[in-house]
Amino acid sequence: MIKISPSILSCDYSKMGEEFERMKQCGADWLHIDVMDGHFVPNITLGAPVVKCMRKCSDLVFDVHLMISDPKKYIPDFVKAGADVITFHIESDSPVEETIELIRSLGCKAALSVKPGTPVESVFPYLEKLSMVLVMTVEPGFGGQSFMESMMPKVRALRDEINRRGLDVDIQVDGGISEKNAKLVGENGANVLVAGSAVFGSADPKETIRSLKALAAQHD
Ligand code: DX5
Ligand code: ZN
């Protein structure tokens, strides 16, 4: 089952409520919320108080992508704010196992992400406890960058390992996803597609979401 998670980094923050409702009407499954601290990545976006306000505007699944140096410290705040899935980076300073346990103990789904330079095998020891793995297809920090096709062997290796162990773990791809590469990421085993500029920059987001889903599902 393919899911589309529009990255709100590309939305108009002056009318978030309308934007979220528009995404829901257009068939978005989740909302991807990019949290950046200006330290782990060279950009700053928003924190838990803003997510709490967003929660009042939408009942879509909140897919919170933490690009911050010490995720463990802020997990309780993001759970309270209404996150449904929390993704943190294996390259962060927080202890991986403890951070996963904390997210799960607070009733949230835990996900781990790898930057382009990090081998995907680094997440293998944690797969049993994860609901999702995010394979970045750009260097985290900014929307609108070019998709890195060279990440596909990582997605393939991860899907093979998940299948080999008989697990139910989503594979998310994030960065430069569009109708040009949706088929390729689906073929390699990704089933949750983040798309910022491709969806918010589209003249017909409903058609773009439908098309992304159809392209990614073509291998089924
Ligand atoms: C990048 C963010 C992405 C980004 C995706 O650091 O994690 O979620 O907003 O935007 P596009 O789809 O425009 O590359
Ligand atoms: Zn993201």
# chains A, B, ... in the order shown; residues from 1 in each chain; ligands from 1
>>> residues_near_ligand(ligand="ligand 1", cutoff="8 Å", atoms="only C-alpha atoms and all ligand atoms", output="ChimeraX atom specification")
/A:6-10,32-34,65,67,136,138-147,174-178,194-199
>>> write_last_selection(atoms="N, CA and C atoms", output="CSV table (one decimal), in the first residue's frame")
chain,number,residue,atom,x,y,z
A,6,PRO,N,2.8,14.6,2.0
A,6,PRO,CA,3.3,15.9,1.5
A,6,PRO,C,4.2,16.6,2.6
A,7,SER,N,5.3,17.1,2.2
A,7,SER,CA,6.2,17.8,3.1
A,7,SER,C,5.7,19.3,3.2
A,8,ILE,N,5.3,19.6,4.4
A,8,ILE,CA,4.7,21.0,4.6
A,8,ILE,C,5.7,22.1,4.6
A,9,LEU,N,7.0,21.7,4.4
A,9,LEU,CA,8.1,22.7,4.3
A,9,LEU,C,7.8,23.6,3.1
A,10,SER,N,7.1,23.0,2.1
A,10,SER,CA,6.8,23.8,0.9
A,10,SER,C,5.4,24.4,1.0
A,32,HIS,N,3.9,15.4,6.3
A,32,HIS,CA,5.3,15.2,6.7
A,32,HIS,C,5.8,16.6,7.3
A,33,ILE,N,6.2,16.6,8.5
A,33,ILE,CA,6.5,17.8,9.2
A,33,ILE,C,8.0,17.8,9.5
A,34,ASP,N,8.7,18.7,8.8
A,34,ASP,CA,10.2,18.8,8.9
A,34,ASP,C,10.6,19.7,10.1
A,65,HIS,N,9.5,14.5,11.1
A,65,HIS,CA,10.9,14.2,10.8
A,65,HIS,C,11.8,15.1,11.5
A,67,MET,N,15.1,16.6,12.4
A,67,MET,CA,16.5,16.8,11.9
A,67,MET,C,17.2,17.7,13.0
A,136,MET,N,17.0,8.9,3.2
A,136,MET,CA,17.1,10.3,2.6
A,136,MET,C,17.6,10.2,1.2
A,138,VAL,N,18.1,13.1,-0.5
A,138,VAL,CA,18.9,14.4,-0.6
A,138,VAL,C,19.6,14.5,0.7
A,139,GLU,N,20.6,15.5,0.8
A,139,GLU,CA,21.1,15.8,2.1
A,139,GLU,C,20.1,16.6,2.8
A,140,PRO,N,19.7,16.2,4.1
A,140,PRO,CA,18.7,16.9,4.8
A,140,PRO,C,19.0,18.4,5.0
A,141,GLY,N,17.9,19.2,5.0
A,141,GLY,CA,18.1,20.6,5.3
A,141,GLY,C,17.2,21.6,4.5
A,142,PHE,N,17.0,21.2,3.3
A,142,PHE,CA,16.2,22.1,2.4
A,142,PHE,C,15.3,21.3,1.5
A,143,GLY,N,14.2,22.0,1.1
A,143,GLY,CA,13.3,21.4,0.1
A,143,GLY,C,13.8,21.8,-1.3
A,144,GLY,N,13.2,21.2,-2.3
A,144,GLY,CA,13.5,21.6,-3.7
A,144,GLY,C,14.9,21.1,-4.2
A,145,GLN,N,15.5,20.1,-3.6
A,145,GLN,CA,16.8,19.6,-4.1
A,145,GLN,C,16.6,18.5,-5.1
A,146,SER,N,17.7,18.1,-5.8
A,146,SER,CA,17.6,17.0,-6.8
A,146,SER,C,17.7,15.6,-6.1
A,147,PHE,N,16.8,14.8,-6.6
A,147,PHE,CA,16.8,13.4,-6.1
A,147,PHE,C,18.1,12.6,-6.4
A,174,ASP,N,12.6,10.5,1.0
A,174,ASP,CA,12.4,11.9,1.2
A,174,ASP,C,13.5,12.7,0.5
A,175,GLY,N,13.0,13.6,-0.4
A,175,GLY,CA,14.0,14.5,-1.1
A,175,GLY,C,13.9,14.3,-2.6
A,176,GLY,N,13.4,15.3,-3.2
A,176,GLY,CA,13.3,15.4,-4.7
A,176,GLY,C,12.4,14.3,-5.3
A,177,ILE,N,11.4,13.8,-4.5
A,177,ILE,CA,10.5,12.8,-5.1
A,177,ILE,C,9.5,13.5,-6.0
A,178,SER,N,9.3,12.9,-7.2
A,178,SER,CA,8.4,13.5,-8.2
A,178,SER,C,7.9,12.4,-9.1
A,194,VAL,N,7.6,10.9,0.5
A,194,VAL,CA,7.5,12.3,0.9
A,194,VAL,C,7.6,13.1,-0.4
A,195,ALA,N,6.8,14.2,-0.5
A,195,ALA,CA,6.9,15.1,-1.7
A,195,ALA,C,6.5,16.5,-1.2
A,196,GLY,N,7.5,17.4,-1.3
A,196,GLY,CA,7.2,18.8,-0.9
A,196,GLY,C,6.9,19.6,-2.2
A,197,SER,N,8.0,20.0,-2.9
A,197,SER,CA,7.7,20.8,-4.0
A,197,SER,C,6.9,20.2,-5.1
A,198,ALA,N,7.0,18.9,-5.3
A,198,ALA,CA,6.2,18.2,-6.4
A,198,ALA,C,4.7,18.4,-6.1
A,199,VAL,N,4.3,18.3,-4.8
A,199,VAL,CA,2.8,18.4,-4.5
A,199,VAL,C,2.4,19.9,-4.4
>>> residues_around(residues="Asp170 (chain A)", least_positions_apart="4", cutoff="8 Å", atoms="only C-alpha atoms", output="JSON list (two decimals) with all heavy atoms, in the first residue's frame")
[["chain", "number", "residue", "atom", "x", "y", "z"],
["A", 131, "SER", "N", 8.67, 1.15, 13.09],
["A", 131, "SER", "CA", 7.52, 1.04, 12.19],
["A", 131, "SER", "C", 7.93, 1.49, 10.79],
["A", 131, "SER", "O", 7.26, 1.17, 9.82],
["A", 131, "SER", "CB", 6.35, 1.88, 12.68],
["A", 131, "SER", "OG", 6.58, 3.23, 12.44],
["A", 132, "MET", "N", 9.07, 2.23, 10.71],
["A", 132, "MET", "CA", 9.48, 2.75, 9.40],
["A", 132, "MET", "C", 10.96, 3.10, 9.42],
["A", 132, "MET", "O", 11.53, 3.41, 10.47],
["A", 132, "MET", "CB", 8.65, 4.02, 9.12],
["A", 132, "MET", "CG", 8.89, 4.68, 7.78],
["A", 132, "MET", "SD", 7.66, 6.00, 7.45],
["A", 132, "MET", "CE", 8.37, 7.35, 8.41],
["A", 133, "VAL", "N", 11.56, 3.02, 8.23],
["A", 133, "VAL", "CA", 12.93, 3.55, 8.04],
["A", 133, "VAL", "C", 12.86, 4.57, 6.92],
["A", 133, "VAL", "O", 12.24, 4.33, 5.88],
["A", 133, "VAL", "CB", 13.93, 2.43, 7.67],
["A", 133, "VAL", "CG1", 15.30, 3.03, 7.36],
["A", 133, "VAL", "CG2", 14.05, 1.42, 8.81],
["A", 190, "ALA", "N", 10.30, 1.13, -1.77],
["A", 190, "ALA", "CA", 9.77, 2.19, -0.91],
["A", 190, "ALA", "C", 8.25, 2.22, -1.01],
["A", 190, "ALA", "O", 7.69, 1.99, -2.08],
["A", 190, "ALA", "CB", 10.34, 3.54, -1.33],
["A", 191, "ASN", "N", 7.57, 2.46, 0.13],
["A", 191, "ASN", "CA", 6.10, 2.53, 0.09],
["A", 191, "ASN", "C", 5.51, 3.78, 0.73],
["A", 191, "ASN", "O", 4.31, 3.97, 0.72],
["A", 191, "ASN", "CB", 5.48, 1.27, 0.72],
["A", 191, "ASN", "CG", 5.71, 1.20, 2.20],
["A", 191, "ASN", "OD1", 6.84, 1.33, 2.67],
["A", 191, "ASN", "ND2", 4.65, 1.02, 2.96],
["A", 192, "VAL", "N", 6.36, 4.66, 1.28],
["A", 192, "VAL", "CA", 5.88, 5.96, 1.77],
["A", 192, "VAL", "C", 6.73, 7.04, 1.08],
["A", 192, "VAL", "O", 7.94, 7.11, 1.28],
["A", 192, "VAL", "CB", 6.00, 6.09, 3.30],
["A", 192, "VAL", "CG1", 5.38, 7.42, 3.75],
["A", 192, "VAL", "CG2", 5.33, 4.93, 4.03]]
>>> residues_around(residues="region 35-52 of chain A", least_positions_apart="4", cutoff="9 Å", atoms="only C-alpha atoms", output="PDB file with C-alpha atoms, in the first residue's frame")
ATOM      1  CA  LEU A   9       8.087  22.653   4.299  1.00  0.00           C
ATOM      2  CA  LYS A  56      -5.952  21.617  15.825  1.00  0.00           C
ATOM      3  CA  PHE A  62       1.473  13.577  11.593  1.00  0.00           C
ATOM      4  CA  VAL A  64       7.346  14.212  12.202  1.00  0.00           C
ATOM      5  CA  HIS A  65      10.889  14.169  10.779  1.00  0.00           C
ATOM      6  CA  LEU A  66      13.318  15.373  13.429  1.00  0.00           C
ATOM      7  CA  MET A  67      16.527  16.778  11.933  1.00  0.00           C
ATOM      8  CA  ILE A  68      17.877  17.809  15.314  1.00  0.00           C
ATOM      9  CA  SER A  69      21.036  16.955  17.276  1.00  0.00           C
ATOM     10  CA  ASP A  70      19.405  15.653  20.457  1.00  0.00           C
ATOM     11  CA  TYR A  74      12.407  16.672  22.790  1.00  0.00           C
ATOM     12  CA  ASP A  77       7.153  17.445  23.712  1.00  0.00           C
ATOM     13  CA  PHE A  78       6.478  16.190  20.194  1.00  0.00           C
ATOM     14  CA  VAL A  79       4.354  13.286  21.426  1.00  0.00           C
ATOM     15  CA  LYS A  80       2.279  15.669  23.567  1.00  0.00           C
ATOM     16  CA  ALA A  81       1.965  18.010  20.598  1.00  0.00           C
ATOM     17  CA  GLY A  82       0.253  15.248  18.606  1.00  0.00           C
ATOM     18  CA  ALA A  83       2.901  13.431  16.545  1.00  0.00           C
ATOM     19  CA  GLU A  91      23.556  10.217  13.000  1.00  0.00           C
ATOM     20  CA  SER A  92      22.120  12.330  15.857  1.00  0.00           C
ATOM     21  CA  GLU A 139      21.142  15.818   2.093  1.00  0.00           C
ATOM     22  CA  PRO A 140      18.657  16.932   4.786  1.00  0.00           C
ATOM     23  CA  GLY A 141      18.131  20.646   5.312  1.00  0.00           C
ATOM     24  CA  PHE A 142      16.207  22.105   2.405  1.00  0.00           C
TER      25      PHE A 142
END
>>> select_by_dssp(residues="region 48-128 of chain A", states="strand (DSSP E)", output="mmCIF file with N, CA, C and O atoms, in the first residue's frame")
data_model
loop_
_atom_site.group_PDB
_atom_site.id
_atom_site.type_symbol
_atom_site.label_atom_id
_atom_site.label_comp_id
_atom_site.auth_asym_id
_atom_site.auth_seq_id
_atom_site.Cartn_x
_atom_site.Cartn_y
_atom_site.Cartn_z
ATOM 1 N N VAL A 61 -2.460 11.833 9.637
ATOM 2 C CA VAL A 61 -1.331 11.289 10.403
ATOM 3 C C VAL A 61 -0.180 12.295 10.362
ATOM 4 O O VAL A 61 0.206 12.756 9.283
ATOM 5 N N PHE A 62 0.329 12.659 11.526
ATOM 6 C CA PHE A 62 1.473 13.577 11.593
ATOM 7 C C PHE A 62 2.772 12.772 11.616
ATOM 8 O O PHE A 62 3.088 12.071 12.580
ATOM 9 N N ASP A 63 3.497 12.908 10.523
ATOM 10 C CA ASP A 63 4.751 12.192 10.284
ATOM 11 C C ASP A 63 5.866 13.224 10.548
ATOM 12 O O ASP A 63 6.154 14.060 9.698
ATOM 13 N N VAL A 64 6.413 13.162 11.766
ATOM 14 C CA VAL A 64 7.346 14.212 12.202
ATOM 15 C C VAL A 64 8.796 13.766 11.991
ATOM 16 O O VAL A 64 9.242 12.779 12.581
ATOM 17 N N HIS A 65 9.500 14.493 11.148
ATOM 18 C CA HIS A 65 10.889 14.169 10.779
ATOM 19 C C HIS A 65 11.820 15.111 11.550
ATOM 20 O O HIS A 65 11.936 16.288 11.217
ATOM 21 N N LEU A 66 12.455 14.550 12.578
ATOM 22 C CA LEU A 66 13.318 15.373 13.429
ATOM 23 C C LEU A 66 14.741 15.418 12.868
ATOM 24 O O LEU A 66 15.463 14.421 12.910
ATOM 25 N N MET A 67 15.136 16.576 12.381
ATOM 26 C CA MET A 67 16.527 16.778 11.933
ATOM 27 C C MET A 67 17.182 17.666 12.980
ATOM 28 O O MET A 67 17.455 18.845 12.743
ATOM 29 N N VAL A 85 3.889 9.501 14.094
ATOM 30 C CA VAL A 85 5.118 8.772 13.766
ATOM 31 C C VAL A 85 6.267 9.752 13.992
ATOM 32 O O VAL A 85 6.211 10.882 13.502
ATOM 33 N N ILE A 86 7.278 9.323 14.745
ATOM 34 C CA ILE A 86 8.434 10.212 14.961
ATOM 35 C C ILE A 86 9.675 9.558 14.365
ATOM 36 O O ILE A 86 10.053 8.447 14.736
ATOM 37 N N THR A 87 10.290 10.280 13.439
ATOM 38 C CA THR A 87 11.522 9.808 12.794
ATOM 39 C C THR A 87 12.688 10.637 13.312
ATOM 40 O O THR A 87 12.628 11.871 13.312
ATOM 41 N N PHE A 88 13.740 9.948 13.755
ATOM 42 C CA PHE A 88 14.964 10.688 14.123
ATOM 43 C C PHE A 88 16.136 10.079 13.364
ATOM 44 O O PHE A 88 16.028 8.979 12.795
ATOM 45 N N HIS A 89 17.243 10.791 13.359
ATOM 46 C CA HIS A 89 18.409 10.348 12.579
ATOM 47 C C HIS A 89 19.362 9.512 13.402
ATOM 48 O O HIS A 89 19.711 9.875 14.527
ATOM 49 N N LYS A 109 4.693 5.776 17.098
ATOM 50 C CA LYS A 109 5.460 4.880 16.230
ATOM 51 C C LYS A 109 6.850 5.468 16.030
ATOM 52 O O LYS A 109 6.992 6.683 15.819
ATOM 53 N N ALA A 110 7.867 4.587 16.083
ATOM 54 C CA ALA A 110 9.252 5.058 15.977
ATOM 55 C C ALA A 110 9.837 4.732 14.608
ATOM 56 O O ALA A 110 9.644 3.631 14.080
ATOM 57 N N ALA A 111 10.567 5.698 14.061
ATOM 58 C CA ALA A 111 11.248 5.489 12.780
ATOM 59 C C ALA A 111 12.655 6.073 12.851
ATOM 60 O O ALA A 111 12.911 7.014 13.591
ATOM 61 N N LEU A 112 13.548 5.452 12.079
ATOM 62 C CA LEU A 112 14.950 5.889 12.036
ATOM 63 C C LEU A 112 15.271 6.326 10.619
ATOM 64 O O LEU A 112 14.787 5.724 9.657
ATOM 65 N N SER A 113 16.131 7.347 10.501
ATOM 66 C CA SER A 113 16.511 7.818 9.180
ATOM 67 C C SER A 113 18.022 7.768 8.975
ATOM 68 O O SER A 113 18.793 7.931 9.930
ATOM 69 N N VAL A 114 18.405 7.549 7.713
ATOM 70 C CA VAL A 114 19.824 7.605 7.354
ATOM 71 C C VAL A 114 20.049 8.688 6.299
ATOM 72 O O VAL A 114 19.295 8.802 5.331
#
>>> closest_residue(among="A:Gln172, A:Asn188, A:Phe124, A:Gly201", to="Asp12 (chain A)", atoms="only C-alpha atoms")
A:Gly201
>>> decode(residues="region 72-86 of chain A", atoms="all heavy atoms", output="PDB file, in the first residue's frame")
ATOM      1  N   LYS A  72      16.193  12.841  21.597  1.00  0.00           N
ATOM      2  CA  LYS A  72      15.634  12.218  22.809  1.00  0.00           C
ATOM      3  C   LYS A  72      15.080  13.269  23.771  1.00  0.00           C
ATOM      4  O   LYS A  72      14.011  13.100  24.363  1.00  0.00           O
ATOM      5  CB  LYS A  72      16.721  11.382  23.501  1.00  0.00           C
ATOM      6  CG  LYS A  72      16.211  10.611  24.693  1.00  0.00           C
ATOM      7  CD  LYS A  72      17.178   9.525  25.131  1.00  0.00           C
ATOM      8  CE  LYS A  72      16.705   8.860  26.405  1.00  0.00           C
ATOM      9  NZ  LYS A  72      17.458   9.286  27.574  1.00  0.00           N
ATOM     10  N   LYS A  73      15.796  14.364  23.882  1.00  0.00           N
ATOM     11  CA  LYS A  73      15.399  15.436  24.807  1.00  0.00           C
ATOM     12  C   LYS A  73      14.007  16.004  24.472  1.00  0.00           C
ATOM     13  O   LYS A  73      13.290  16.453  25.360  1.00  0.00           O
ATOM     14  CB  LYS A  73      16.458  16.535  24.703  1.00  0.00           C
ATOM     15  CG  LYS A  73      16.287  17.688  25.627  1.00  0.00           C
ATOM     16  CD  LYS A  73      17.496  18.608  25.520  1.00  0.00           C
ATOM     17  CE  LYS A  73      17.280  19.902  26.263  1.00  0.00           C
ATOM     18  NZ  LYS A  73      18.360  20.860  25.964  1.00  0.00           N
ATOM     19  N   TYR A  74      13.650  16.008  23.205  1.00  0.00           N
ATOM     20  CA  TYR A  74      12.407  16.672  22.790  1.00  0.00           C
ATOM     21  C   TYR A  74      11.264  15.711  22.450  1.00  0.00           C
ATOM     22  O   TYR A  74      10.167  16.154  22.112  1.00  0.00           O
ATOM     23  CB  TYR A  74      12.689  17.578  21.581  1.00  0.00           C
ATOM     24  CG  TYR A  74      13.687  18.660  21.920  1.00  0.00           C
ATOM     25  CD1 TYR A  74      15.043  18.506  21.633  1.00  0.00           C
ATOM     26  CD2 TYR A  74      13.270  19.824  22.576  1.00  0.00           C
ATOM     27  CE1 TYR A  74      15.967  19.485  21.973  1.00  0.00           C
ATOM     28  CE2 TYR A  74      14.185  20.808  22.924  1.00  0.00           C
ATOM     29  CZ  TYR A  74      15.534  20.628  22.619  1.00  0.00           C
ATOM     30  OH  TYR A  74      16.437  21.592  22.971  1.00  0.00           O
ATOM     31  N   ILE A  75      11.523  14.393  22.536  1.00  0.00           N
ATOM     32  CA  ILE A  75      10.475  13.415  22.170  1.00  0.00           C
ATOM     33  C   ILE A  75       9.172  13.646  22.953  1.00  0.00           C
ATOM     34  O   ILE A  75       8.097  13.726  22.339  1.00  0.00           O
ATOM     35  CB  ILE A  75      10.973  11.952  22.361  1.00  0.00           C
ATOM     36  CG1 ILE A  75      12.160  11.616  21.452  1.00  0.00           C
ATOM     37  CG2 ILE A  75       9.842  10.943  22.202  1.00  0.00           C
ATOM     38  CD1 ILE A  75      11.931  11.645  19.990  1.00  0.00           C
ATOM     39  N   PRO A  76       9.220  13.771  24.302  1.00  0.00           N
ATOM     40  CA  PRO A  76       7.952  13.938  25.026  1.00  0.00           C
ATOM     41  C   PRO A  76       7.157  15.157  24.537  1.00  0.00           C
ATOM     42  O   PRO A  76       5.931  15.095  24.424  1.00  0.00           O
ATOM     43  CB  PRO A  76       8.394  14.123  26.481  1.00  0.00           C
ATOM     44  CG  PRO A  76       9.727  13.417  26.550  1.00  0.00           C
ATOM     45  CD  PRO A  76      10.374  13.700  25.224  1.00  0.00           C
ATOM     46  N   ASP A  77       7.844  16.239  24.203  1.00  0.00           N
ATOM     47  CA  ASP A  77       7.153  17.445  23.712  1.00  0.00           C
ATOM     48  C   ASP A  77       6.433  17.169  22.395  1.00  0.00           C
ATOM     49  O   ASP A  77       5.288  17.597  22.200  1.00  0.00           O
ATOM     50  CB  ASP A  77       8.158  18.581  23.465  1.00  0.00           C
ATOM     51  CG  ASP A  77       8.764  19.102  24.752  1.00  0.00           C
ATOM     52  OD1 ASP A  77       8.231  18.772  25.830  1.00  0.00           O
ATOM     53  OD2 ASP A  77       9.780  19.826  24.670  1.00  0.00           O
ATOM     54  N   PHE A  78       7.105  16.450  21.493  1.00  0.00           N
ATOM     55  CA  PHE A  78       6.478  16.190  20.194  1.00  0.00           C
ATOM     56  C   PHE A  78       5.340  15.180  20.309  1.00  0.00           C
ATOM     57  O   PHE A  78       4.343  15.281  19.584  1.00  0.00           O
ATOM     58  CB  PHE A  78       7.524  15.743  19.162  1.00  0.00           C
ATOM     59  CG  PHE A  78       8.330  16.902  18.622  1.00  0.00           C
ATOM     60  CD1 PHE A  78       9.613  17.156  19.087  1.00  0.00           C
ATOM     61  CD2 PHE A  78       7.782  17.768  17.692  1.00  0.00           C
ATOM     62  CE1 PHE A  78      10.345  18.244  18.621  1.00  0.00           C
ATOM     63  CE2 PHE A  78       8.500  18.863  17.207  1.00  0.00           C
ATOM     64  CZ  PHE A  78       9.786  19.104  17.672  1.00  0.00           C
ATOM     65  N   VAL A  79       5.464  14.234  21.220  1.00  0.00           N
ATOM     66  CA  VAL A  79       4.354  13.286  21.426  1.00  0.00           C
ATOM     67  C   VAL A  79       3.143  14.048  21.972  1.00  0.00           C
ATOM     68  O   VAL A  79       2.035  13.928  21.448  1.00  0.00           O
ATOM     69  CB  VAL A  79       4.757  12.148  22.392  1.00  0.00           C
ATOM     70  CG1 VAL A  79       3.554  11.273  22.709  1.00  0.00           C
ATOM     71  CG2 VAL A  79       5.891  11.306  21.802  1.00  0.00           C
ATOM     72  N   LYS A  80       3.384  14.877  22.987  1.00  0.00           N
ATOM     73  CA  LYS A  80       2.279  15.669  23.567  1.00  0.00           C
ATOM     74  C   LYS A  80       1.648  16.587  22.536  1.00  0.00           C
ATOM     75  O   LYS A  80       0.452  16.856  22.548  1.00  0.00           O
ATOM     76  CB  LYS A  80       2.794  16.516  24.737  1.00  0.00           C
ATOM     77  CG  LYS A  80       2.629  15.825  26.085  1.00  0.00           C
ATOM     78  CD  LYS A  80       3.005  16.765  27.217  1.00  0.00           C
ATOM     79  CE  LYS A  80       4.105  16.148  28.047  1.00  0.00           C
ATOM     80  NZ  LYS A  80       5.148  17.060  28.502  1.00  0.00           N
ATOM     81  N   ALA A  81       2.458  17.074  21.625  1.00  0.00           N
ATOM     82  CA  ALA A  81       1.965  18.010  20.598  1.00  0.00           C
ATOM     83  C   ALA A  81       1.081  17.312  19.569  1.00  0.00           C
ATOM     84  O   ALA A  81       0.361  17.973  18.823  1.00  0.00           O
ATOM     85  CB  ALA A  81       3.144  18.682  19.906  1.00  0.00           C
ATOM     86  N   GLY A  82       1.158  15.962  19.514  1.00  0.00           N
ATOM     87  CA  GLY A  82       0.253  15.248  18.606  1.00  0.00           C
ATOM     88  C   GLY A  82       0.914  14.482  17.482  1.00  0.00           C
ATOM     89  O   GLY A  82       0.248  14.110  16.513  1.00  0.00           O
ATOM     90  N   ALA A  83       2.229  14.227  17.589  1.00  0.00           N
ATOM     91  CA  ALA A  83       2.901  13.431  16.545  1.00  0.00           C
ATOM     92  C   ALA A  83       2.361  12.006  16.565  1.00  0.00           C
ATOM     93  O   ALA A  83       2.013  11.479  17.627  1.00  0.00           O
ATOM     94  CB  ALA A  83       4.406  13.406  16.799  1.00  0.00           C
ATOM     95  N   ASP A  84       2.268  11.395  15.376  1.00  0.00           N
ATOM     96  CA  ASP A  84       1.841   9.990  15.286  1.00  0.00           C
ATOM     97  C   ASP A  84       3.028   9.073  15.010  1.00  0.00           C
ATOM     98  O   ASP A  84       3.136   8.000  15.573  1.00  0.00           O
ATOM     99  CB  ASP A  84       0.812   9.832  14.160  1.00  0.00           C
ATOM    100  CG  ASP A  84      -0.459  10.595  14.447  1.00  0.00           C
ATOM    101  OD1 ASP A  84      -1.162  10.209  15.401  1.00  0.00           O
ATOM    102  OD2 ASP A  84      -0.742  11.593  13.756  1.00  0.00           O
ATOM    103  N   VAL A  85       3.889   9.501  14.094  1.00  0.00           N
ATOM    104  CA  VAL A  85       5.118   8.772  13.766  1.00  0.00           C
ATOM    105  C   VAL A  85       6.267   9.752  13.992  1.00  0.00           C
ATOM    106  O   VAL A  85       6.211  10.882  13.502  1.00  0.00           O
ATOM    107  CB  VAL A  85       5.140   8.332  12.278  1.00  0.00           C
ATOM    108  CG1 VAL A  85       6.368   7.476  11.991  1.00  0.00           C
ATOM    109  CG2 VAL A  85       3.860   7.620  11.886  1.00  0.00           C
ATOM    110  N   ILE A  86       7.278   9.323  14.745  1.00  0.00           N
ATOM    111  CA  ILE A  86       8.434  10.212  14.961  1.00  0.00           C
ATOM    112  C   ILE A  86       9.675   9.558  14.365  1.00  0.00           C
ATOM    113  O   ILE A  86      10.053   8.447  14.736  1.00  0.00           O
ATOM    114  CB  ILE A  86       8.652  10.517  16.453  1.00  0.00           C
ATOM    115  CG1 ILE A  86       7.441  11.270  17.015  1.00  0.00           C
ATOM    116  CG2 ILE A  86       9.939  11.335  16.639  1.00  0.00           C
ATOM    117  CD1 ILE A  86       7.597  11.744  18.450  1.00  0.00           C
TER     118      ILE A  86
END
